[in-house]
file work.cif (mmCIF, C-alpha atoms)
data_protein
loop_
_atom_site.group_PDB
_atom_site.id
_atom_site.type_symbol
_atom_site.label_atom_id
_atom_site.label_comp_id
_atom_site.auth_asym_id
_atom_site.auth_seq_id
_atom_site.Cartn_x
_atom_site.Cartn_y
_atom_site.Cartn_z
ATOM 1 C CA MET A 1 -14.369 -22.550 16.533
ATOM 2 C CA LYS A 2 -16.660 -25.523 17.020
ATOM 3 C CA ALA A 3 -19.624 -23.600 15.626
ATOM 4 C CA ALA A 4 -17.506 -22.493 12.680
ATOM 5 C CA SER A 5 -16.450 -26.058 11.896
ATOM 6 C CA MET A 6 -20.001 -27.333 12.049
ATOM 7 C CA GLY A 7 -21.225 -24.521 9.818
ATOM 8 C CA THR A 8 -18.609 -25.353 7.238
ATOM 9 C CA LEU A 9 -19.930 -28.876 7.027
ATOM 10 C CA ILE A 10 -23.307 -27.764 5.739
ATOM 11 C CA PRO A 11 -22.163 -26.854 2.240
ATOM 12 C CA LEU A 12 -19.948 -29.941 2.176
ATOM 13 C CA ALA A 13 -22.984 -32.082 2.889
ATOM 14 C CA ALA A 14 -24.869 -30.278 0.133
ATOM 15 C CA LEU A 15 -21.993 -30.990 -2.217
ATOM 16 C CA ALA A 16 -22.001 -34.667 -1.284
ATOM 17 C CA LEU A 17 -25.679 -34.817 -2.192
ATOM 18 C CA ALA A 18 -25.066 -32.986 -5.451
ATOM 19 C CA LEU A 19 -22.196 -35.291 -6.342
ATOM 20 C CA GLY A 20 -24.314 -38.301 -5.526
ATOM 21 C CA CYS A 21 -27.032 -37.175 -7.915
ATOM 22 C CA GLY A 22 -24.474 -36.326 -10.579
ATOM 23 C CA SER A 23 -22.824 -39.723 -10.341
ATOM 24 C CA GLU A 24 -26.150 -41.447 -10.649
ATOM 25 C CA SER A 25 -27.034 -39.456 -13.755
ATOM 26 C CA ALA A 26 -23.658 -40.194 -15.276
ATOM 27 C CA GLU A 27 -24.085 -43.870 -14.606
ATOM 28 C CA LEU A 28 -27.479 -43.912 -16.290
ATOM 29 C CA ALA A 29 -26.126 -42.128 -19.314
ATOM 30 C CA THR A 30 -22.828 -43.893 -19.803
ATOM 31 C CA GLY A 31 -23.123 -47.207 -17.984
ATOM 32 C CA PRO A 32 -21.291 -48.266 -14.819
ATOM 33 C CA ALA A 33 -18.238 -46.000 -15.149
ATOM 34 C CA ALA A 34 -16.867 -46.320 -11.633
ATOM 35 C CA PRO A 35 -19.096 -43.637 -10.087
ATOM 36 C CA GLU A 36 -17.682 -44.253 -6.607
ATOM 37 C CA PHE A 37 -14.170 -43.458 -7.776
ATOM 38 C CA GLN A 38 -15.391 -40.305 -9.497
ATOM 39 C CA ALA A 39 -17.185 -39.108 -6.398
ATOM 40 C CA ALA A 40 -14.057 -39.659 -4.295
ATOM 41 C CA ALA A 41 -11.860 -37.830 -6.798
ATOM 42 C CA ASP A 42 -14.241 -34.865 -6.826
ATOM 43 C CA GLU A 43 -14.662 -34.736 -3.070
ATOM 44 C CA PRO A 44 -13.605 -31.307 -1.805
ATOM 45 C CA PRO A 45 -10.862 -31.324 0.795
ATOM 46 C CA ARG A 46 -11.626 -31.052 4.478
ATOM 47 C CA TYR A 47 -9.262 -29.450 6.920
ATOM 48 C CA SER A 48 -8.524 -29.212 10.612
ATOM 49 C CA ALA A 49 -9.160 -25.922 12.386
ATOM 50 C CA TRP A 50 -6.603 -23.143 11.888
ATOM 51 C CA SER A 51 -3.820 -22.802 14.429
ATOM 52 C CA ALA A 52 -3.233 -19.597 16.363
ATOM 53 C CA PRO A 53 -1.249 -17.207 14.112
ATOM 54 C CA ALA A 54 2.509 -17.183 14.718
ATOM 55 C CA ASN A 55 4.405 -13.956 14.011
ATOM 56 C CA LEU A 56 6.939 -14.294 11.158
ATOM 57 C CA GLY A 57 9.469 -12.500 13.326
ATOM 58 C CA PRO A 58 11.927 -9.626 12.880
ATOM 59 C CA VAL A 59 13.588 -10.855 9.677
ATOM 60 C CA VAL A 60 10.335 -10.121 7.804
ATOM 61 C CA ASN A 61 8.399 -7.812 10.135
ATOM 62 C CA THR A 62 9.439 -4.352 11.285
ATOM 63 C CA PRO A 63 8.063 -1.892 13.886
ATOM 64 C CA ASP A 64 6.229 -0.220 10.975
ATOM 65 C CA VAL A 65 3.292 -1.474 8.905
ATOM 66 C CA ASP A 66 3.922 -4.806 7.169
ATOM 67 C CA ASN A 67 0.866 -6.085 5.349
ATOM 68 C CA ASP A 68 -0.855 -7.290 2.170
ATOM 69 C CA VAL A 69 0.818 -10.628 1.545
ATOM 70 C CA SER A 70 0.854 -12.895 -1.492
ATOM 71 C CA VAL A 71 2.793 -16.133 -1.697
ATOM 72 C CA SER A 72 4.042 -17.837 -4.847
ATOM 73 C CA ARG A 73 2.685 -21.207 -5.925
ATOM 74 C CA ASP A 74 5.875 -22.981 -4.790
ATOM 75 C CA GLY A 75 5.692 -21.264 -1.381
ATOM 76 C CA LEU A 76 9.208 -19.858 -1.739
ATOM 77 C CA SER A 77 8.476 -16.169 -2.458
ATOM 78 C CA LEU A 78 6.521 -13.895 -0.143
ATOM 79 C CA TYR A 79 5.425 -10.534 -1.533
ATOM 80 C CA PHE A 80 4.079 -7.893 0.822
ATOM 81 C CA GLY A 81 3.664 -4.162 1.347
ATOM 82 C CA SER A 82 5.539 -2.157 3.953
ATOM 83 C CA ASN A 83 6.189 1.459 4.879
ATOM 84 C CA ARG A 84 9.501 0.577 6.551
ATOM 85 C CA PRO A 85 12.319 3.102 6.221
ATOM 86 C CA GLY A 86 14.669 2.854 3.249
ATOM 87 C CA GLY A 87 12.083 2.541 0.479
ATOM 88 C CA PHE A 88 11.109 4.958 -2.284
ATOM 89 C CA GLY A 89 8.353 6.669 -0.278
ATOM 90 C CA GLY A 90 5.129 5.694 1.471
ATOM 91 C CA PHE A 91 4.366 1.993 1.080
ATOM 92 C CA ASP A 92 6.546 -0.110 -1.200
ATOM 93 C CA ILE A 93 6.329 -3.736 -2.275
ATOM 94 C CA TYR A 94 8.945 -6.132 -0.981
ATOM 95 C CA VAL A 95 9.730 -9.795 -1.554
ATOM 96 C CA ALA A 96 11.260 -12.313 0.830
ATOM 97 C CA ARG A 97 12.640 -15.668 -0.339
ATOM 98 C CA ARG A 98 13.316 -19.015 1.273
ATOM 99 C CA SER A 99 15.103 -22.048 -0.119
ATOM 100 C CA ARG A 100 12.491 -24.586 1.010
ATOM 101 C CA VAL A 101 9.088 -24.348 2.626
ATOM 102 C CA ASP A 102 10.501 -25.671 5.912
ATOM 103 C CA GLN A 103 13.241 -23.019 5.964
ATOM 104 C CA PRO A 104 12.972 -19.509 7.432
ATOM 105 C CA TRP A 105 12.376 -16.476 5.226
ATOM 106 C CA GLY A 106 15.395 -14.422 4.182
ATOM 107 C CA ALA A 107 15.664 -10.640 4.492
ATOM 108 C CA PRO A 108 13.064 -8.894 2.283
ATOM 109 C CA GLN A 109 14.203 -6.952 -0.778
ATOM 110 C CA ASN A 110 12.516 -3.847 -2.170
ATOM 111 C CA LEU A 111 11.192 -4.515 -5.702
ATOM 112 C CA GLY A 112 12.985 -1.352 -6.799
ATOM 113 C CA PRO A 113 12.064 1.870 -8.609
ATOM 114 C CA THR A 114 10.548 0.174 -11.655
ATOM 115 C CA VAL A 115 7.650 -0.944 -9.444
ATOM 116 C CA ASN A 116 7.828 1.347 -6.409
ATOM 117 C CA THR A 117 7.532 5.135 -6.461
ATOM 118 C CA ALA A 118 7.351 8.046 -4.031
ATOM 119 C CA ALA A 119 3.600 7.311 -3.828
ATOM 120 C CA ASN A 120 2.182 4.195 -2.138
ATOM 121 C CA GLU A 121 2.425 0.735 -3.673
ATOM 122 C CA GLN A 122 0.561 -1.956 -1.773
ATOM 123 C CA GLY A 123 -1.475 -5.130 -2.057
ATOM 124 C CA PRO A 124 0.701 -7.421 -4.205
ATOM 125 C CA ALA A 125 -1.249 -10.345 -5.666
ATOM 126 C CA LEU A 126 0.632 -12.912 -7.733
ATOM 127 C CA THR A 127 -1.018 -14.996 -10.417
ATOM 128 C CA ARG A 128 -0.534 -18.754 -10.186
ATOM 129 C CA ASP A 129 1.898 -18.760 -13.100
ATOM 130 C CA GLY A 130 3.972 -16.083 -11.334
ATOM 131 C CA HIS A 131 4.104 -13.875 -14.432
ATOM 132 C CA ARG A 132 1.758 -11.121 -13.271
ATOM 133 C CA LEU A 133 1.713 -9.117 -10.080
ATOM 134 C CA PHE A 134 -1.385 -7.053 -9.330
ATOM 135 C CA LEU A 135 -1.042 -4.163 -6.891
ATOM 136 C CA PHE A 136 -2.668 -0.882 -5.959
ATOM 137 C CA SER A 137 -1.135 2.562 -5.929
ATOM 138 C CA ASP A 138 -2.180 6.181 -5.527
ATOM 139 C CA ARG A 139 0.591 7.382 -7.866
ATOM 140 C CA PRO A 140 -0.227 10.343 -10.140
ATOM 141 C CA GLY A 141 -1.769 9.623 -13.514
ATOM 142 C CA GLY A 142 -4.389 7.101 -12.468
ATOM 143 C CA VAL A 143 -8.158 7.138 -12.865
ATOM 144 C CA GLY A 144 -8.622 8.531 -9.333
ATOM 145 C CA GLY A 145 -7.677 7.792 -5.727
ATOM 146 C CA SER A 146 -5.897 4.448 -5.408
ATOM 147 C CA ASP A 147 -6.031 2.358 -8.586
ATOM 148 C CA LEU A 148 -5.252 -1.226 -9.459
ATOM 149 C CA TYR A 149 -2.197 -1.923 -11.600
ATOM 150 C CA VAL A 150 -0.541 -5.012 -13.051
ATOM 151 C CA SER A 151 3.157 -5.638 -13.516
ATOM 152 C CA ARG A 152 4.527 -8.449 -15.685
ATOM 153 C CA ARG A 153 7.719 -10.462 -15.922
ATOM 154 C CA ARG A 154 8.845 -13.089 -18.375
ATOM 155 C CA GLY A 155 11.033 -15.243 -16.178
ATOM 156 C CA SER A 156 11.090 -15.837 -12.460
ATOM 157 C CA ASP A 157 13.452 -13.033 -11.417
ATOM 158 C CA GLU A 158 11.958 -11.557 -8.232
ATOM 159 C CA LEU A 159 13.374 -8.160 -9.148
ATOM 160 C CA GLY A 160 12.579 -8.412 -12.871
ATOM 161 C CA TRP A 161 9.093 -6.891 -12.823
ATOM 162 C CA GLU A 162 8.196 -4.405 -15.529
ATOM 163 C CA ALA A 163 6.614 -1.007 -14.834
ATOM 164 C CA PRO A 164 3.040 -1.490 -13.570
ATOM 165 C CA ALA A 165 0.244 -0.661 -16.020
ATOM 166 C CA ASN A 166 -3.010 0.897 -14.837
ATOM 167 C CA LEU A 167 -5.915 -1.553 -15.284
ATOM 168 C CA GLY A 168 -8.026 1.269 -16.725
ATOM 169 C CA SER A 169 -11.546 2.482 -16.259
ATOM 170 C CA GLY A 170 -13.093 -0.978 -16.712
ATOM 171 C CA VAL A 171 -11.799 -1.653 -13.191
ATOM 172 C CA ASN A 172 -10.712 1.643 -11.640
ATOM 173 C CA SER A 173 -12.964 4.562 -10.712
ATOM 174 C CA ALA A 174 -12.667 8.053 -9.258
ATOM 175 C CA SER A 175 -12.898 6.361 -5.826
ATOM 176 C CA ASN A 176 -10.290 4.054 -4.292
ATOM 177 C CA GLU A 177 -9.610 0.514 -5.449
ATOM 178 C CA GLY A 178 -7.389 -1.819 -3.486
ATOM 179 C CA LEU A 179 -6.473 -5.309 -2.274
ATOM 180 C CA PRO A 180 -6.637 -7.263 -5.542
ATOM 181 C CA HIS A 181 -6.948 -11.041 -5.511
ATOM 182 C CA TYR A 182 -6.671 -12.990 -8.756
ATOM 183 C CA PHE A 183 -8.650 -16.206 -9.112
ATOM 184 C CA GLU A 184 -8.695 -18.665 -12.019
ATOM 185 C CA ASP A 185 -11.709 -20.960 -11.905
ATOM 186 C CA PRO A 186 -10.323 -24.476 -12.469
ATOM 187 C CA VAL A 187 -13.723 -25.632 -13.768
ATOM 188 C CA SER A 188 -14.666 -22.871 -16.209
ATOM 189 C CA GLY A 189 -11.205 -21.389 -16.829
ATOM 190 C CA VAL A 190 -12.639 -17.920 -16.163
ATOM 191 C CA ALA A 191 -10.181 -15.466 -14.579
ATOM 192 C CA THR A 192 -11.652 -13.058 -12.033
ATOM 193 C CA LEU A 193 -9.977 -10.195 -10.248
ATOM 194 C CA TYR A 194 -11.562 -9.538 -6.871
ATOM 195 C CA PHE A 195 -10.830 -6.210 -5.212
ATOM 196 C CA ASN A 196 -12.353 -3.714 -2.831
ATOM 197 C CA SER A 197 -13.521 -0.189 -3.488
ATOM 198 C CA ASN A 198 -15.270 2.597 -1.630
ATOM 199 C CA ARG A 199 -17.121 3.782 -4.769
ATOM 200 C CA PRO A 200 -20.505 5.211 -3.759
ATOM 201 C CA GLY A 201 -23.879 3.577 -4.206
ATOM 202 C CA TYR A 202 -23.327 0.130 -2.711
ATOM 203 C CA CYS A 203 -23.496 -1.351 0.808
ATOM 204 C CA GLY A 204 -21.166 1.190 2.433
ATOM 205 C CA GLY A 205 -17.623 1.402 3.748
ATOM 206 C CA THR A 206 -15.657 -0.635 1.221
ATOM 207 C CA ASP A 207 -17.276 -3.441 -0.751
ATOM 208 C CA ILE A 208 -15.964 -6.366 -2.770
ATOM 209 C CA PHE A 209 -16.119 -6.142 -6.565
ATOM 210 C CA ALA A 210 -15.160 -8.614 -9.277
ATOM 211 C CA ALA A 211 -13.774 -7.855 -12.725
ATOM 212 C CA SER A 212 -13.297 -10.514 -15.382
ATOM 213 C CA LEU A 213 -10.627 -11.017 -17.990
ATOM 214 C CA GLN A 214 -11.962 -9.805 -21.332
ATOM 215 C CA PRO A 215 -11.182 -11.353 -24.758
ATOM 216 C CA ASP A 216 -8.769 -8.488 -25.485
ATOM 217 C CA GLY A 217 -6.718 -9.281 -22.379
ATOM 218 C CA THR A 218 -7.925 -6.351 -20.296
ATOM 219 C CA PHE A 219 -10.041 -6.604 -17.157
ATOM 220 C CA GLY A 220 -13.573 -5.222 -17.238
ATOM 221 C CA GLY A 221 -17.203 -6.101 -16.713
ATOM 222 C CA THR A 222 -16.806 -5.109 -13.077
ATOM 223 C CA VAL A 223 -19.675 -6.252 -10.871
ATOM 224 C CA HIS A 224 -20.429 -5.720 -7.204
ATOM 225 C CA VAL A 225 -20.479 -8.910 -5.102
ATOM 226 C CA PRO A 226 -23.580 -8.250 -2.992
ATOM 227 C CA GLU A 227 -23.492 -11.476 -1.008
ATOM 228 C CA LEU A 228 -20.184 -10.473 0.603
ATOM 229 C CA CYS A 229 -21.120 -6.926 1.527
ATOM 230 C CA SER A 230 -21.803 -5.192 4.810
ATOM 231 C CA PRO A 231 -22.341 -1.545 5.767
ATOM 232 C CA LEU A 232 -18.783 -1.464 7.106
ATOM 233 C CA ARG A 233 -15.423 -2.236 5.512
ATOM 234 C CA ASP A 234 -15.122 -5.423 3.489
ATOM 235 C CA ALA A 235 -11.518 -5.681 2.489
ATOM 236 C CA GLY A 236 -9.061 -8.343 1.395
ATOM 237 C CA THR A 237 -10.108 -11.690 -0.030
ATOM 238 C CA ALA A 238 -8.264 -14.980 -0.408
ATOM 239 C CA ILE A 239 -9.820 -17.815 -2.407
ATOM 240 C CA ARG A 240 -8.753 -21.447 -2.262
ATOM 241 C CA ARG A 241 -7.598 -22.519 -5.693
ATOM 242 C CA ASP A 242 -10.605 -24.830 -6.198
ATOM 243 C CA GLY A 243 -12.819 -21.770 -5.705
ATOM 244 C CA LEU A 244 -14.903 -23.362 -2.954
ATOM 245 C CA GLU A 245 -13.624 -21.373 0.041
ATOM 246 C CA MET A 246 -13.111 -17.643 0.479
ATOM 247 C CA ILE A 247 -11.583 -15.892 3.467
ATOM 248 C CA LEU A 248 -12.599 -12.252 3.757
ATOM 249 C CA SER A 249 -11.469 -9.532 6.135
ATOM 250 C CA SER A 250 -14.220 -7.267 7.412
ATOM 251 C CA ASP A 251 -15.002 -5.162 10.461
ATOM 252 C CA ARG A 252 -18.736 -5.930 10.130
ATOM 253 C CA ALA A 253 -21.052 -6.569 13.072
ATOM 254 C CA GLY A 254 -19.918 -9.588 15.084
ATOM 255 C CA THR A 255 -16.225 -8.799 14.876
ATOM 256 C CA LEU A 256 -14.113 -9.575 17.907
ATOM 257 C CA GLY A 257 -12.448 -6.173 17.423
ATOM 258 C CA GLY A 258 -11.310 -4.164 14.403
ATOM 259 C CA PHE A 259 -11.039 -6.331 11.323
ATOM 260 C CA ASP A 260 -11.726 -10.038 11.666
ATOM 261 C CA LEU A 261 -11.373 -12.901 9.206
ATOM 262 C CA TRP A 262 -14.539 -14.531 7.906
ATOM 263 C CA VAL A 263 -14.998 -17.650 5.815
ATOM 264 C CA SER A 264 -17.543 -18.503 3.160
ATOM 265 C CA THR A 265 -17.724 -21.917 1.482
ATOM 266 C CA ARG A 266 -19.733 -23.079 -1.508
ATOM 267 C CA ALA A 267 -20.390 -26.360 -3.294
ATOM 268 C CA SER A 268 -19.563 -25.199 -6.812
ATOM 269 C CA THR A 269 -17.717 -22.312 -8.433
ATOM 270 C CA GLY A 270 -20.941 -21.688 -10.381
ATOM 271 C CA ASP A 271 -22.734 -20.780 -7.146
ATOM 272 C CA PRO A 272 -22.685 -17.346 -5.523
ATOM 273 C CA TRP A 273 -20.807 -17.095 -2.241
ATOM 274 C CA PRO A 274 -23.160 -17.853 0.675
ATOM 275 C CA ARG A 275 -23.820 -14.781 2.778
ATOM 276 C CA LEU A 276 -21.363 -14.511 5.637
ATOM 277 C CA MET B 1 -19.044 -17.027 9.394
ATOM 278 C CA ASN B 2 -16.407 -15.607 11.700
ATOM 279 C CA LEU B 3 -13.184 -17.678 11.738
ATOM 280 C CA GLY B 4 -13.335 -17.576 15.530
ATOM 281 C CA PRO B 5 -11.147 -16.558 18.455
ATOM 282 C CA VAL B 6 -8.183 -18.836 17.723
ATOM 283 C CA VAL B 7 -7.327 -16.739 14.646
ATOM 284 C CA ASN B 8 -9.236 -13.513 15.335
ATOM 285 C CA SER B 9 -8.556 -11.201 18.260
ATOM 286 C CA ALA B 10 -9.643 -7.829 19.580
ATOM 287 C CA LEU B 11 -6.574 -6.271 17.918
ATOM 288 C CA GLY B 12 -7.704 -6.867 14.356
ATOM 289 C CA GLU B 13 -6.769 -9.343 11.630
ATOM 290 C CA SER B 14 -7.075 -8.733 7.897
ATOM 291 C CA ARG B 15 -5.615 -8.891 4.390
ATOM 292 C CA VAL B 16 -4.971 -12.605 4.178
ATOM 293 C CA ALA B 17 -3.331 -14.873 1.631
ATOM 294 C CA LEU B 18 -3.600 -18.644 1.271
ATOM 295 C CA SER B 19 -0.773 -20.931 0.251
ATOM 296 C CA HIS B 20 -1.288 -22.960 -2.941
ATOM 297 C CA ASP B 21 -2.207 -26.073 -0.919
ATOM 298 C CA ALA B 22 -4.517 -23.970 1.299
ATOM 299 C CA THR B 23 -2.921 -25.217 4.526
ATOM 300 C CA THR B 24 -1.104 -21.981 5.375
ATOM 301 C CA LEU B 25 -2.916 -18.705 5.958
ATOM 302 C CA TYR B 26 -0.862 -15.522 5.975
ATOM 303 C CA VAL B 27 -2.600 -13.098 8.326
ATOM 304 C CA ILE B 28 -1.982 -9.421 9.008
ATOM 305 C CA ASN B 29 -2.174 -8.673 12.728
ATOM 306 C CA HIS B 30 -3.037 -5.050 13.413
ATOM 307 C CA LEU B 31 -1.541 -4.904 16.920
ATOM 308 C CA ASN B 32 -4.148 -2.300 17.927
ATOM 309 C CA ASP B 33 -1.975 0.412 16.410
ATOM 310 C CA PRO B 34 -2.653 2.052 13.032
ATOM 311 C CA LEU B 35 1.073 2.673 12.656
ATOM 312 C CA ARG B 36 1.983 -0.962 13.085
ATOM 313 C CA SER B 37 1.042 -4.355 11.716
ATOM 314 C CA ASP B 38 2.863 -7.638 11.304
ATOM 315 C CA ILE B 39 2.587 -10.719 9.117
ATOM 316 C CA SER B 40 1.768 -13.963 10.904
ATOM 317 C CA VAL B 41 1.060 -17.484 9.723
ATOM 318 C CA SER B 42 -1.679 -19.864 10.760
ATOM 319 C CA THR B 43 -1.693 -23.462 9.574
ATOM 320 C CA ARG B 44 -4.145 -26.318 9.206
ATOM 321 C CA THR B 45 -3.945 -29.932 8.108
ATOM 322 C CA ARG B 46 -5.781 -31.430 5.196
ATOM 323 C CA ILE B 47 -7.834 -34.336 6.528
ATOM 324 C CA THR B 48 -9.549 -35.713 3.441
ATOM 325 C CA GLY B 49 -10.101 -34.931 -0.206
ATOM 326 C CA ARG B 50 -7.833 -34.144 -3.099
ATOM 327 C CA ASP B 51 -4.948 -31.740 -2.805
#

call {"tool": "encode", "arguments": {"input": "work.cif", "output": "structure tokens"}}
result
Amino acid sequence: MKAASMGTLIPLAALALALGCGSESAELATGPAAPEFQAAADEPPRYSAWSAPANLGPVVNTPDVDNDVSVSRDGLSLYFGSNRPGGFGGFDIYVARRSRVDQPWGAPQNLGPTVNTAANEQGPALTRDGHRLFLFSDRPGGVGGSDLYVSRRRGSDELGWEAPANLGSGVNSASNEGLPHYFEDPVSGVATLYFNSNRPGYCGGTDIFAASLQPDGTFGGTVHVPELCSPLRDAGTAIRRDGLEMILSSDRAGTLGGFDLWVSTRASTGDPWPRL
Amino acid sequence: MNLGPVVNSALGESRVALSHDATTLYVINHLNDPLRSDISVSTRTRITGRD
């Protein structure tokens, strides 16, 4: 953990240098406009080390597979996938609620047959506004294998999601796509959908890809993210909302066993992710 | 870089989600059994910088 913490400081130091230069330039151009205050306001957050994971317990977890979480912006809704008994078949998407962030989670509810089918539905990923839910499913009628879908809702009803729509061939392929993660760049406003796929011709196993929101509202322009790839399985991503930290799951060389979590930090959302 | 042995274990951890304030990490623990995994939470404290 100590090595990890020290490594994380390197990009932070680089950012401090970059901010310093930027402030100086701004001061030259516009006069003494409180550059110290600006630098402090733009300073990226620093955190303590992560605690050991604590199991959410039997209200949420079952003896089956419970996985693929996404939490709402207010921290009060937890979406996840599970193959527990009592669903519509295979994996279904469930949501648990709590009244406050310091309260325990209530019993999960199945999102119901509008979202879930006899096939597998997994990998829920909420947008920040809570009006879209990305997921993946191997239901019939897709482009091939598991595909990415998006469901929408107008209000905040946890069970009010509309039927998921396939994201189409700008994102999906004849291979599998899964584990979507939606990221809105707070600097550029660009919306990116990260996901993994085992489509052939890249680093191997599953790799991370990124699709961007097109002017017509669809996702497309899918690109491979080479700096995150390994010959093994690179899977789920989670990106801090400022876009400067990504946590990736991968069973690449150096893992402590099976999948491990890896972190990549960068100084600007305009930079590629540093190689893990 | 690897998140290290406080969060990672030989059993397998994957498929994470971050809370909006990035101080809670939802982790899937694989429990060394392909027919079983659970959701766990790891937390951290913001030391400096904006929220």

call {"tool": "closest_residue", "arguments": {"input": "work.cif", "among": "A:Gly155, A:Gly270, A:Gly258, A:Gly160", "to": "Leu31 (chain B)", "atoms": "all atoms listed in the file"}}
result
A:Gly258

call {"tool": "resolve_selection", "arguments": {"input": "work.cif", "expression": "the PyMOL selection byres ((chain A) within 6 of (chain B))", "output": "number ranges by chain"}}
result
A: 1, 43-56, 61, 64-70, 73, 236, 238, 249, 256-263, 276

call {"tool": "atom_distance", "arguments": {"input": "work.cif", "atom1": "CA of Arg266 (chain A)", "atom2": "CA of Gly204 (chain A)"}}
result
24.6 Å

call {"tool": "axis_aligned_box", "arguments": {"input": "work.cif", "around": "region 153-160 of chain A", "padding_each_side": "4 Å", "output": "JSON"}}
result
{"center_x": 10.6, "center_y": -12.0, "center_z": -13.3, "size_x": 13.7, "size_y": 15.7, "size_z": 18.1}

call {"tool": "resolve_selection", "arguments": {"input": "work.cif", "expression": "the PyMOL selection byres ((chain A and resi 79) around 9)", "output": "short mmCIF file (atom, residue, chain, number, x, y, z; two decimals) with C-alpha atoms, in the frame of the given file"}}
result
data_model
loop_
_atom_site.label_atom_id
_atom_site.label_comp_id
_atom_site.auth_asym_id
_atom_site.auth_seq_id
_atom_site.Cartn_x
_atom_site.Cartn_y
_atom_site.Cartn_z
CA ASP A 68 -0.86 -7.29 2.17
CA VAL A 69 0.82 -10.63 1.54
CA SER A 70 0.85 -12.90 -1.49
CA VAL A 71 2.79 -16.13 -1.70
CA SER A 72 4.04 -17.84 -4.85
CA SER A 77 8.48 -16.17 -2.46
CA LEU A 78 6.52 -13.90 -0.14
CA PHE A 80 4.08 -7.89 0.82
CA GLY A 81 3.66 -4.16 1.35
CA ILE A 93 6.33 -3.74 -2.28
CA TYR A 94 8.94 -6.13 -0.98
CA VAL A 95 9.73 -9.80 -1.55
CA ALA A 96 11.26 -12.31 0.83
CA ARG A 97 12.64 -15.67 -0.34
CA PRO A 108 13.06 -8.89 2.28
CA GLY A 123 -1.48 -5.13 -2.06
CA PRO A 124 0.70 -7.42 -4.20
CA ALA A 125 -1.25 -10.34 -5.67
CA LEU A 126 0.63 -12.91 -7.73
#

call {"tool": "atom_distance", "arguments": {"input": "work.cif", "atom1": "CA of Val171 (chain A)", "atom2": "CA of Pro113 (chain A)"}}
result
24.6 Å

call {"tool": "atom_distance", "arguments": {"input": "work.cif", "atom1": "CA of Ser137 (chain A)", "atom2": "CA of Ala107 (chain A)"}}
result
23.8 Å

call {"tool": "residues_around", "arguments": {"input": "work.cif", "residues": "Ala235 (chain A)", "least_positions_apart": "6", "cutoff": "9 Å", "atoms": "all atoms listed in the file", "output": "list in words"}}
result
Gly178, Leu179, Phe195, Asn196, Ser197, Thr206, Asp207, Ile208, Leu248, Ser249, Ser250, Asp251 and Phe259 of chain A; Ser14 and Arg15 of chain B

call {"tool": "write_last_selection", "arguments": {"input": "work.cif", "atoms": "C-alpha atoms", "output": "compact mmCIF listing (two decimals), in the frame of the given file"}}
result
# COMPACT_ATOMS: atom_id res chain seq x y z
CA GLY A 178 -7.39 -1.82 -3.49
CA LEU A 179 -6.47 -5.31 -2.27
CA PHE A 195 -10.83 -6.21 -5.21
CA ASN A 196 -12.35 -3.71 -2.83
CA SER A 197 -13.52 -0.19 -3.49
CA THR A 206 -15.66 -0.64 1.22
CA ASP A 207 -17.28 -3.44 -0.75
CA ILE A 208 -15.96 -6.37 -2.77
CA LEU A 248 -12.60 -12.25 3.76
CA SER A 249 -11.47 -9.53 6.14
CA SER A 250 -14.22 -7.27 7.41
CA ASP A 251 -15.00 -5.16 10.46
CA PHE A 259 -11.04 -6.33 11.32
CA SER B 14 -7.08 -8.73 7.90
CA ARG B 15 -5.62 -8.89 4.39

call {"tool": "resolve_selection", "arguments": {"input": "work.cif", "expression": "the PyMOL selection byres ((chain A and resi 131) around 6)", "output": "list in words"}}
result
Asp129, Gly130, Arg132, Arg152 and Arg153 of chain A

call {"tool": "residues_around", "arguments": {"input": "work.cif", "residues": "Phe91 (chain A)", "least_positions_apart": "6", "cutoff": "6 Å", "atoms": "all atoms listed in the file", "output": "PyMOL selection string"}}
result
chain A and resi 82-83+120-121
